[in-house]
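Student: I have a structure here, written as structure tokens, and I will follow up with some questions on it.
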Amino acid sequence: MNYPCTLAKCAATNSALSLILRRILTPPSVRMSASTAESVLKSKRALRSRVRKALKAMYPIQRSCEDEAIQSIVLNSPWFKSSRALCAYISCSSLREVDTSRILSETLRMPAKDDSTKVAKRLYVPRVEDKNSHMRMLHISSMDDLIANSMDILEPAPVDANGQEREDVLQANDPVDLLLLPGLAFDRSGRRLGRGGGYYDVFLSRYQELARGRSWKQPLLVALSYSVQIMNEEFIPVTPTDVPIDALVHPGGVIPISSAAAERLG
């Protein structure tokens with residue numbers, strides 16, 4: 001199968017189980033039986049395996065084309081250009097995540113004084129603190145602020161070059177209006193399948209609670225997806241703690257999902 005490099009033609013055990021079950025089974029308002037929870041987890045593992053194989057099978061030229069298309073869509077969109085603060089993931093090639101290097105570079109590039117079309121943005125990127133789904137989003141001002149962790153994944157150091165602690169988005173005085181999210185699989189109803197650690201679902205729940213407490217507008221949750229990662233609706237198994245996305249960016253364009261996305265992205 002040929003994948004010509006043109007934007008127009010790019011198509012779009014046990015301890016882990018215990019941790020996830022505890023999160024699923026409490027509080028009572030979102031209670032799920034242990035057998036149902038285990039069935040959902042098995043379905044998620046099977047789907048993860050299937051999508052990983054599909055990603056591995058992508059031709060490098062197709063992946064490069066889709067990376068370029070997705071990032072161009074984001075960078076040229078009014079909703080990105082008007083954002084003043086955002087959280088974005090740092091893509092990892094070995095995990096076959098949609099590339100975000102251009103998006104990060106453009107975000108960090110200050111607009112020229114005579115350029116009224118660009119808005120200076122504040123950027124927060126993830127730092128994993130432990131294996132218990134604890135992830136922070138820390139402010140960076142340069143790509144040089146990133147260091148490789150033990151898994152050779154780039155993330156911000158906890159302190160800056162002056163020895164000052166980096167600002168945590170959960171402690172910031174102002175809200176973010178956009179979060180760019182990774183994942184393994186997505187559908188057009190807003191379901192998102194992560195890699196199994198629960199880091200983003202826990203963080204998103206905490207940030208949404210913070211926004212409600214401060215009467216902030218909820219940020220748009222926008223996922224970036226290769227064409228092979230988009231599933232049929234209702235195919236992705238979910239639990240009550242899985243946070244749905246607002247919109248999906250794929251090589252063919254943007255899929256608004258929530259009413260907030262239809263209003264702000266339309």
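In the structure tokens, chains take the letters A, B, ... in the order shown, each chain's residues start at 1, and ligands count up from 1 in the order shown.
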When DSSP is applied to the backbone of this structure, which of range 9-213 of chain A are assigned helix (DSSP H, G or I)? Write them out as a PyMOL selection string.
Tutor: chain A and resi 14-25+28-30+34-57+60-76+78-81+93-95+101-108+143-145+169-171+199-213
Student: Residues at most 8 Å from Arg166 in chain A, counting only C-alpha atoms, excluding those fewer than 2 positions away in the same chain, as a list in words?
Tutor: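 What passes the distance filter is Leu138, His139, Ile140, Pro158, Val159, Asp160, Gln164 and Asp168 of chain A.
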Student: Keeping only C-alpha atoms, write the selected residues as an mmCIF file, in the first residue's frame.
Tutor:
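Output file part.cif is given in full below:
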```cif
data_model
loop_
_atom_site.group_PDB
_atom_site.id
_atom_site.type_symbol
_atom_site.label_atom_id
_atom_site.label_comp_id
_atom_site.auth_asym_id
_atom_site.auth_seq_id
_atom_site.Cartn_x
_atom_site.Cartn_y
_atom_site.Cartn_z
ATOM 1 C CA LEU A 138 5.186 22.422 34.991
ATOM 2 C CA HIS A 139 5.873 25.716 33.240
ATOM 3 C CA ILE A 140 8.754 25.943 30.775
ATOM 4 C CA PRO A 158 11.590 20.406 38.910
ATOM 5 C CA VAL A 159 13.674 23.598 39.253
ATOM 6 C CA ASP A 160 14.813 26.133 36.677
ATOM 7 C CA GLN A 164 13.646 28.201 41.550
ATOM 8 C CA ASP A 168 2.837 23.915 38.761
#
```
Student: Residues of range 148-171 of chain A that approach range 121-126 of chain A to 10 Å or less, counting only C-alpha atoms: could you list each one with the shortest pair of atoms and its distance in Å to one decimal, rows by chain and increasing residue number, as JSON lines?
Tutor:
```
{"residue": "A:Leu154", "atom": "CA", "partner": "A:Pro126", "partner_atom": "CA", "distance": 9.2}
{"residue": "A:Glu155", "atom": "CA", "partner": "A:Pro126", "partner_atom": "CA", "distance": 6.4}
{"residue": "A:Pro156", "atom": "CA", "partner": "A:Val125", "partner_atom": "CA", "distance": 7.2}
{"residue": "A:Arg166", "atom": "CA", "partner": "A:Tyr124", "partner_atom": "CA", "distance": 9.7}
{"residue": "A:Glu167", "atom": "CA", "partner": "A:Tyr124", "partner_atom": "CA", "distance": 8.6}
{"residue": "A:Asp168", "atom": "CA", "partner": "A:Tyr124", "partner_atom": "CA", "distance": 7.9}
{"residue": "A:Val169", "atom": "CA", "partner": "A:Tyr124", "partner_atom": "CA", "distance": 6.8}
```
Student: Between range 158-237 of chain A and range 47-61 of chain A, at 12 Å or less, what are the per-residue closest atom pairs and their distances in Å? Count only C-alpha atoms, order by chain and rising residue number, and return it as CSV.
Tutor:
```
residue,atom,partner,partner_atom,distance
A:Gly183,CA,A:Arg48,CA,10.0
A:Leu184,CA,A:Val51,CA,6.7
A:Ala185,CA,A:Val51,CA,7.0
A:Phe186,CA,A:Val51,CA,10.5
A:Arg192,CA,A:Arg48,CA,11.4
A:Leu193,CA,A:Arg48,CA,7.9
A:Gly194,CA,A:Arg48,CA,8.3
A:Arg195,CA,A:Arg48,CA,7.3
A:Gly196,CA,A:Arg48,CA,8.8
A:Ser225,CA,A:Leu55,CA,10.9
A:Tyr226,CA,A:Leu55,CA,8.4
A:Ser227,CA,A:Leu55,CA,9.6
A:Val228,CA,A:Ala54,CA,6.6
A:Gln229,CA,A:Val51,CA,6.5
A:Ile230,CA,A:Val51,CA,9.5
A:Met231,CA,A:Val51,CA,9.6
A:Phe235,CA,A:Leu47,CA,9.3
A:Ile236,CA,A:Leu47,CA,7.8
A:Pro237,CA,A:Leu47,CA,8.8
```
Student: Figure out the distance between CA of Leu95 in chain A and CA of Gly198 in chain A, please, to one decimal in Å.
Tutor: 16.1 Å
